[in-house]
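Since the structure comes first, as structure tokens, the remarks are kept for the end.
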Amino acid sequence: MKKLLLFLLVFFFFGFLIAEEVQVGEYTIEDVTITLFEERDPEPEPEKEPEPELEKEAEVEKQEEEVAPETKEKPKFFYVQPTVGMGTGISFYRFTVALDADFLIGHTPSVNFYVGLDLDCRKPTFAYELLNPIVDFAVQSNGVVDIVIGGSELKSFGIWTSLGLNITYGQRCHKDEGCEPTAFTYMPGWGTGFDFVFDNNIVLKIGIDGFLGIYPDITLLVGYRF
């Protein structure tokens, strides 16, 4: 009977503890000692460190994504570009031989910047009323913004601008006094246009050149970039 009463007492004691806030500690009921322990959440497992090989592979993939495929080919520090072709406009039509020589001054992953010389020799085919040019020779400095395409056919697309001196060898004529002896005449020289550089380094140069200082002439040239 005594054991039954003790069992009921312990049973009601635990029910009381469950209904109220349970505090950690030791409790003694007659000759029975009960110890309550605080329940703790399990500690989180430490994160696994990535393996060195996986880290290297992820780093290489990231670098390949950041670097465009076309930038794998190092830009030329210096190039020479001879071209030949025709021009038309005020000059009616003219035979043209040109030479570009440019140095790399800077670049980004997709654009190369060049500066250098643009030398043109032109042979007009018309007799102008006040000036009969025998030959035109342009000495100009130029700047080129070369945009890397990296396609299967077109390697790059360049935007160029030239400014300098245009030397004309010919005769100045006057309506009443006739023509002066053949001599050199100096005028401003300028030009602007586009370079299409194909995968085999063949160049198509299209632009506008200044003729007799102020008149625009359309120019179409074909050449090779060394």
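Note on naming: chains are A, B, ... as they come in the structure tokens, residues start from 1 per chain, ligands start from 1 in the order shown.
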
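The residue set within 9 Å of A:Ala183, counting only C-alpha atoms and dropping same-chain residues fewer than 6 places from it, reads A:Thr168, A:Tyr169, A:Gly170, A:Gln171, A:Arg172.
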
Grab the residues selected above and save them as a tab-separated table (two decimals), in the first residue's frame with N, CA and C atoms.
chain	number	residue	atom	x	y	z
A	168	THR	N	50.18	68.81	-103.10
A	168	THR	CA	49.75	68.65	-104.49
A	168	THR	C	50.81	69.21	-105.43
A	169	TYR	N	51.17	68.42	-106.42
A	169	TYR	CA	52.12	68.87	-107.44
A	169	TYR	C	51.33	69.08	-108.73
A	170	GLY	N	51.24	70.36	-109.16
A	170	GLY	CA	50.45	70.66	-110.34
A	170	GLY	C	50.58	72.12	-110.75
A	171	GLN	N	49.65	72.60	-111.58
A	171	GLN	CA	49.66	73.97	-112.11
A	171	GLN	C	48.48	74.75	-111.58
A	172	ARG	N	48.78	75.99	-111.18
A	172	ARG	CA	47.70	76.92	-110.84
A	172	ARG	C	47.40	77.74	-112.09

* To do: Determine the nearest neighbour of A:Val197 from the options A:Glu153, A:Pro216, A:Cys179, A:Leu119, counting only C-alpha atoms.
  => A:Glu153

* Asked: Could you state the separation of atom CA of A:Gln140 and atom CA of A:Ile214 in Å, given to one decimal place?
  -> 15.1 Å

* Proximity to A:Gly223 - best of A:Asp136, A:Glu180, A:Asp118, A:Asp100, only C-alpha atoms ->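 Ranked by minimum distance to A:Gly223, first place goes to A:Asp100.
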